[in-house]
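All remarks here apply to the structure that follows.
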Number of protein chains: 4
Amino acid sequence: MSAPLRVAILHGAGYTGAELAKLLLAHSTCRLTAVTSRSYAGRPLWNAHESLRGSTDLLFTDPSEFDVSTVDAVFVAAEHGQGAVVAAALEAAGWSGYLVDLSADFRLQDPLAYQSRYGQTHPAPELLPSFVYGLAEVKGPYPAGTRLIANPGCFATGLALSLHPVSRGLSPVDAAVTAFTGASGSGVKPSATTHFATRDGNVRAYRVLQHQHLPEVLQVLAPGSRVDFVPVSGPWTRGIWGTAHVRLEHGTTLDTVTHWFESAYAGRRLVRLTPGALPELRWSVNTPFCDLGWIVQDDRLVVGFALDNLLKGAASQAVQNLNLLRGRPETEGLLP
Amino acid sequence: MSAPLRVAILHGAGYTGAELAKLLLAHSTCRLTAVTSRSYAGRPLWNAHESLRGSTDLLFTDPSEFDVSTVDAVFVAAEHGQGAVVAAALEAAGWSGYLVDLSADFRLQDPLAYQSRYGQTHPAPELLPSFVYGLAEVKGPYPAGTRLIANPGCFATGLALSLHPVSRGLSPVDAAVTAFTGASGSGVKPSATTHFATRDGNVRAYRVLQHQHLPEVLQVLAPGSRVDFVPVSGPWTRGIWGTAHVRLEHGTTLDTVTHWFESAYAGRRLVRLTPGALPELRWSVNTPFCDLGWIVQDDRLVVGFALDNLLKGAASQAVQNLNLLRGRPETEGLLP
Amino acid sequence: MSAPLRVAILHGAGYTGAELAKLLLAHSTCRLTAVTSRSYAGRPLWNAHESLRGSTDLLFTDPSEFDVSTVDAVFVAAEHGQGAVVAAALEAAGWSGYLVDLSADFRLQDPLAYQSRYGQTHPAPELLPSFVYGLAEVKGPYPAGTRLIANPGCFATGLALSLHPVSRGLSPVDAAVTAFTGASGSGVKPSATTHFATRDGNVRAYRVLQHQHLPEVLQVLAPGSRVDFVPVSGPWTRGIWGTAHVRLEHGTTLDTVTHWFESAYAGRRLVRLTPGALPELRWSVNTPFCDLGWIVQDDRLVVGFALDNLLKGAASQAVQNLNLLRGRPETEGLLP
Amino acid sequence: MSAPLRVAILHGAGYTGAELAKLLLAHSTCRLTAVTSRSYAGRPLWNAHESLRGSTDLLFTDPSEFDVSTVDAVFVAAEHGQGAVVAAALEAAGWSGYLVDLSADFRLQDPLAYQSRYGQTHPAPELLPSFVYGLAEVKGPYPAGTRLIANPGCFATGLALSLHPVSRGLSPVDAAVTAFTGASGSGVKPSATTHFATRDGNVRAYRVLQHQHLPEVLQVLAPGSRVDFVPVSGPWTRGIWGTAHVRLEHGTTLDTVTHWFESAYAGRRLVRLTPGALPELRWSVNTPFCDLGWIVQDDRLVVGFALDNLLKGAASQAVQNLNLLRGRPETEGLLP
């Protein structure tokens with residue numbers, strides 16, 4: 001057995017960092033050697049991620065003391081704008097390992113689109129061409145030599161996996177989407193919209209038809225596609241669930257739509273298909289799966305999708321992507 | 001001051017019965033004189049509705065011992081199929097008071113549609129023409145002499161109030177709706193889908209494009225209208241929240257749509273309008289309001305709606321309807 | 001009918017302010033004429049309390065523009081330290097209306113105890129002797145001429161009402177208490193401990209044996225009493241629920257304990273007693289009641305208590321206190 | 001590497017069955033070869049445990065067709081009364097593999113105590129002496145040759161692990177315990193107390209001072225010990241959290257109590273200790289740990305405990321026990 005891949009998580013004190021650490025500690029061919037955090041530097045990993053106490057003795061590393069030459073791969077779990085700064089520094093240092101960036105910084109190929117959506121000049125536009133958009137079931141396996149992955153957004157993963165097969169079938173697609181996410185999607189920092197007393201038993205739409213993940217989704221659909229997307233906050237912690245309503249050409253059958261999905265995702269174990277029914281959210285929470293189901297009636301299609309925003313929408317898809325970059329089975333460390 | 005109206009709740013041991021009792025105990029011109037229940041007969045009201053302990057000394061009456069001649073109005077909170085049986089018995093007895101039926105039995109004017117949706121022959125089709133569909137803001141004030149109201153379904157209230165103004169504007173309307181309800185919508189009887197361990201943190205669609213409230217909604221829309229409705233169970237106790245996506249004619253502005261809504265509901269205090277934004281669920285929970293909001297972009301409309309399924313979707317709309325039948329302000333007993 | 005009492009809520013943009021406004025808008029002998037708030041000054045009440053939209057047209061008043069001479073009573077819903085500042089200003093101005101302070105500032109008769117618990121010098125120790133501790137069922141009806149009430153803390157209300165009868169029976173009492181509160185108890189301001197993703201499905205003890213409400217509780221118990229109190233955050237929005245374990249003298253029966261409670265609270269409608277059983281939390285949520293129940297076995301007593309922290313633990317007890325000050329029935333505006 | 005142990009789960013369609021299957025599918029030295037269920041016989045495992053879809057192709061086996069000779073170990077996840085029937089059948093057949101019974105049937109050494117608590121005659125009292133009570137950190141490692149384990153109850157695990165060190169220190173102990181459990185503790189079958197609309201935001205005590213797990217706890221404590229236990233249902237799905245109040249001898253310090261705990265659990269990785277603080281529930285949910293913390297003040301001790309009722313309170317402790325029976329590290333398959 002060859003030596004395990006040495007892996008670090010950069011800026012790993014948030015929710016995604018916790019999930020990445022949990023996955024990598026249990027990964028049979030990776031070894032988690034460092035997790036960086038400015039605010040937790042020098043303290044045990046479980047000070048931020050209490051459930052990991054007793055599973056690892058790792059301490060958080062100060063980012064300024066992290067030596068990238070000691071690892072073969074990094075996951076960058078920084079905020080938007082910081083992911084590109086980190087990546088640029090590593091590239092400038094001539095490091096040649098695998099990098100999976102979980103920030104939004106390299107998802108949009110057009111730096112102006114980035115500026116428009118994220119309200120800041122792109123910190124490293126020169127690197128954009130080197131990154132591959134890591135929607136694993138659509139873009140992977142990746143071209144030989146790929147080292148740099150832009151890990152998709154959580155909502156984007158659900159919408160794009162739902163609409164990609166339909167877009168190929170209809171070319172283009174025009175979809176009306178309402179989709180919900182849990183409170184972990186807002187990150188660790190407290191805010192009015194994640195206050196328990198405000199969120200408990202509540203439903204709240206935000207950035208209606210304006211969500212920043214929409215351009216990512218359109219990038220993987222046929223030219224001319226349209227998605228009207230209502231993002232919604234739901235009263236739970238983990239998971240994304242949504243519906244996409246689509247008008248079909250007259251006479252399109254359930255079997256036809258099923259064929260679109262089955263051909264798009266043949267052999268991809270981390271997308272689970274349920275023709276003729278919509279998935280429940282709990283089926284996918286705490287799993288690396290995206291669940292897709294669909295119903296057809298009188299020339300209308302409803303696609304339902306469900307995934308764990310911290311796993312298939314972030315950490316497990318990142319690990320899946322590293323597996324693919326290394327030529328390993330994409331489910332390694334994710335399924336028994 | 002004239003004597004208060006004497007009111008009874010028939011089959012009032014369920015969730016709707018609790019809300020009706022609470023409203024009627026506080027109503028300035030009604031007096032709650034009886035609540036019937038087979039299983040709780042002879043026991044205090046608070047054995048079923050614990051929060052009412054200390055607010056009333058009423059005992060549940062056995063339905064067989066209830067004397068309708070002692071009251072001026074009844075709310076029938078029976079299950080589907082039983083509402084019609086109760087109403088038929090009262091009519092047969094020659095009683096001439098007000099009756100608001102909260103079951104589904106008199107909502108659909110066509111007994112065959114009832115049979116198709118509810119899986120049973122209509123128990124009293126001869127009474128159907130005497131009932132008025134009680135969607136208060138659309139059908140009320142009611143014709144003089146109206147005594148019998150079919151109180152709308154909870155989902156139907158949200159969908160119909162959302163789509164009625166759009167239907168008048170577009171004539172007909174074609175809408176893609178995804179809407180969520182809390183666990184109280186399933187009634188008191190335990191089931192697999194209301195088990196806390198199954199529902200907590202979960203989202204589950206059911207009867208996709210097949211919900212039994214759909215024909216009620218279509219009854220109030222322009223002929224030729226279409227509604228693709230995905231009903232969903234959400235992890236909370238009270239409240240309905242949904243979105244309706246509608247394609248507009250080219251160039252339709254937000255102002256135009258706002259005019260549709262404002263003209264449809266002018267002077268109706270129990271519908272609250274928020275042009276340019278979607279309502280949050282918690283705004284309407286524990287209130288008698290239905291909240292409606294809308295956003296227009298690039299010839300597409302999204303309408304958001306929110307209401308308390310037990311109040312505007314059942315008990316408070318029933319009281320509102322009784323108020324209207326009596327020629328009282330519709331908000332009496334519902335707003336300060 | 002005499003003119004209604006004119007009432008204002010000072011610093012009423014928080015959770016308690018919302019409940020006070022709701023109660024006062026529906027109160028038959030009070031009229032809510034002003035609600036102050038620095039941050040919402042000039043905006044409608046429903047900008048902070050959305051569910052009140054459509055029930056009132058009141059705007060928030062800037063505190064600096066509030067004219068106390070226009071009202072007969074005020075509720076002060078300010079933070080600790082600010083309640084005393086507000087009260088001192090009103091007294092200095094020679095105003096002679098009723099004042100119910102919901103902050104902690106006048107609950108402890110000893111200003112040094114205040115300093116020790118709340119970490120600041122008492123802002124107006126000279127007013128302490130004029131305030132009466134407003135635990136209504138223990139301290140009320142209040143002496144004629146009482147104008148100033150220190151409204152009890154939410155936990156304190158539950159613990160003191162539970163232990164007061166036992167303390168009278170045992171003189172003194174020694175109790176081991178574990179009690180839970182919902183997220184609304186932490187106030188509107190977001191924090192790590194009220195983040196939905198942290199609180200959902202979680203239980204967390206804090207200030208174990210050190211809670212600042214403990215001295216209030218001891219003030220109403222027999223000298224020499226001891227309470228070991230573990231306060232806990234629970235995953236819900238409203239309500240306090242707890243148990244108190246007490247050792248009894250050998251041979252003490254359930255009937256004896258029941259007598260303690262029934263004699264202590266005879267005729268007090270806002271305390272509900274359930275001998276031989278512990279109350280459920282939901283019975284009291286959204287009600288003005290405190291529920292108390294108890295079980296005796298082998299010389300040990302367990303008392304259970306439940307109340308809505310925003311109502312009997314704050315707003316409804318404040319209204320109850322104003323009712324008592326005015327010589328009105330204590331339940332006016334609180335029960336039908 | 002030797003061949004993996006072949007393992008079956010008998011009656012594995014419930015919540016505990018799901019957790020056992022998940023653990024065993026990922027266990028490096030076990031192979032899950034069969035899961036039985038009467039109601040799901042012949043259907044895929046994921047029909048009952050949806051999140052396992054895509055992780056295994058196993059079908060449920062009809063219990064009548066299960067051949068125990070094909071496995072080396074079984075977990076019995078049957079209801080109380082059925083565990084003993086299953087075990088008796090296997091013993092009668094002369095099977096000599098490992099058996100971990102997760103029902104209550106072999107936890108109490110005295111069949112009359114069983115009858116008194118569970119309301120039925122013990123189905124196989126002759127087997128009682130062969131079973132070892134599987135509270136791993138107290139009773140394990142087990143005597144050589146042990147084959148049969150009675151896996152502890154979920155509440156019992158928390159109470160016994162909390163009180164065992166204190167009982168050794170005080171000999172005997174007298175504790176006042178209030179402890180909460182989530183809805184999964186009630187099993188899959190729907191009931192009034194697990195209805196979401198009843199449980200959401202609610203707290204409810206039950207079998208106060210009468211819980212059937214109490215005799216198990218007393219079995220592991222010093223003779224003469226007493227535990228007053230208030231079991232409570234909380235509004236979450238997974239996890240047990242509780243406090244134990246204990247009176248200490250005058251002058252007992254935190255260090256003394258810490259020594260009790262550290263000496264009792266030295267080297268046991270699945271109990272995590274936090275002297276001077278109480279654990280939060282979420283730290284242990286979805287982990288195989290029991291968390292214990294304690295605070296001492298003025299001769300009083302408060303112990304806090306937290307564990308996942310389905311894992312350390314059932315499935316992971318069962319796997320831990322099988323590991324110990326086999327002489328493997330107790331954390332194998334449970335920690336990375």
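Residue numbers start at 1 in each chain; chains themselves are named A, B, ... in the order of the structure tokens; ligands are numbered from 1 in the order shown.
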
Exercise for the section: Give me, as a list in words, the contact residues of chain A against chain C at a cut-off of 7 Å, counting only C-alpha atoms. Expected result: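 The answer, sorted by residue number, is Ala183, Ser184, Pro190, Ser191, Ala192, Thr194, His195, Phe196, Ala197, Asp200 and Thr237 of chain A.
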
Would you pick out the contacts of Arg300 (chain C) at 8 Å or less, using only C-alpha atoms, so that residues sharing its chain but fewer than 5 positions from it are not included, and give the list as a compact mmCIF listing (two decimals) with N, CA, C and O atoms, in the first residue's frame?
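File out.txt, as written:
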```
# COMPACT_ATOMS: atom_id res chain seq x y z
N HIS C 245 -36.09 19.26 42.87
CA HIS C 245 -36.07 18.09 43.75
C HIS C 245 -35.86 18.56 45.19
O HIS C 245 -34.92 19.32 45.45
N VAL C 246 -36.71 18.10 46.09
CA VAL C 246 -36.64 18.54 47.48
C VAL C 246 -36.78 17.32 48.40
O VAL C 246 -37.61 16.45 48.14
N ARG C 247 -35.98 17.30 49.45
CA ARG C 247 -36.13 16.23 50.46
C ARG C 247 -37.16 16.68 51.50
O ARG C 247 -37.08 17.79 52.02
N LEU C 248 -38.09 15.80 51.79
CA LEU C 248 -39.16 16.11 52.75
C LEU C 248 -38.86 15.45 54.09
O LEU C 248 -38.04 14.53 54.18
```

Exercise for the section: Go through region 158-244 of chain D and collect every residue that DSSP, computed from the backbone, puts in strand (DSSP E or B); the answer should be as a VMD selection string. Expected result: chain D and resid 174 to 181 195 204 to 205 226 to 233 240 to 244

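Omitting region 116-118 of chain C and its sequence neighbours fewer than 4 positions away, and counting only C-alpha atoms, the residues within 8 Å are His80, Leu112 and Gln212 of chain C.
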
Could you write out the selected residues, including all heavy atoms, as a compact mmCIF listing (two decimals), in the first residue's frame?
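What landed in out.txt:
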```
# COMPACT_ATOMS: atom_id res chain seq x y z
N HIS C 80 -30.91 45.80 31.36
CA HIS C 80 -30.43 46.00 32.72
C HIS C 80 -29.52 47.23 32.75
O HIS C 80 -28.68 47.42 31.88
CB HIS C 80 -29.67 44.77 33.19
CG HIS C 80 -30.51 43.53 33.03
ND1 HIS C 80 -31.88 43.56 33.11
CD2 HIS C 80 -30.18 42.24 32.77
CE1 HIS C 80 -32.35 42.33 32.92
NE2 HIS C 80 -31.35 41.53 32.70
N LEU C 112 -25.81 46.35 46.63
CA LEU C 112 -24.54 45.62 46.49
C LEU C 112 -24.76 44.26 45.85
O LEU C 112 -23.94 43.78 45.06
CB LEU C 112 -23.87 45.47 47.86
CG LEU C 112 -23.43 46.81 48.47
CD1 LEU C 112 -22.76 46.58 49.83
CD2 LEU C 112 -22.48 47.54 47.52
N GLN C 212 -28.05 34.80 37.64
CA GLN C 212 -28.33 36.10 38.28
C GLN C 212 -29.74 36.19 38.84
O GLN C 212 -30.02 37.11 39.62
CB GLN C 212 -28.05 37.24 37.30
CG GLN C 212 -28.99 37.34 36.12
CD GLN C 212 -28.59 36.43 34.96
OE1 GLN C 212 -27.75 35.53 35.11
NE2 GLN C 212 -29.21 36.64 33.81
```

Practice task
Choose the residue, out of B:Leu325, B:Val285, B:Leu24, B:Val74, that has the smallest atom-to-atom separation from Arg147 (chain B); count only C-alpha atoms.
Solution key: B:Leu325

Handout entry: Within 8 Å of Phe155 (chain C) using only C-alpha atoms, minus same-chain residues under 5 positions, as number ranges by chain
Key = C: 179, 181, 213, 240, 309, 313

Problem - Contacts of region 101-107 of chain B within 9 Å, only C-alpha atoms, excl. fewer than 2 positions in-chain, as number ranges by chain - result: B: 16, 74-84, 87, 99, 109-111, 114, 118, 122-125, 127-129, 131-134, 148-153, 213, 216, 314-315, 318

Problem - Distance of CA of Val7 (chain A) from CA of Thr33 (chain A), expressed in Å to one decimal place - result: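 So the answer is 5.8 Å.
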
Handout entry: Polymer residues at most 8 Å from region 47-59 of chain B, only C-alpha atoms, same-chain spacing of 5 or more positions, as a list in words
Key =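 Once the nearby chain positions are removed, what remains is Ala13, Gly14, Ala18, Lys22, Leu25, Thr33, Ala34, Val35, Tyr40, Ala41 and Gly42 of chain B; Arg269, Leu270, Arg272, Arg282, Trp283, Ser284, Val285, Thr287, Leu335 and Pro336 of chain C.
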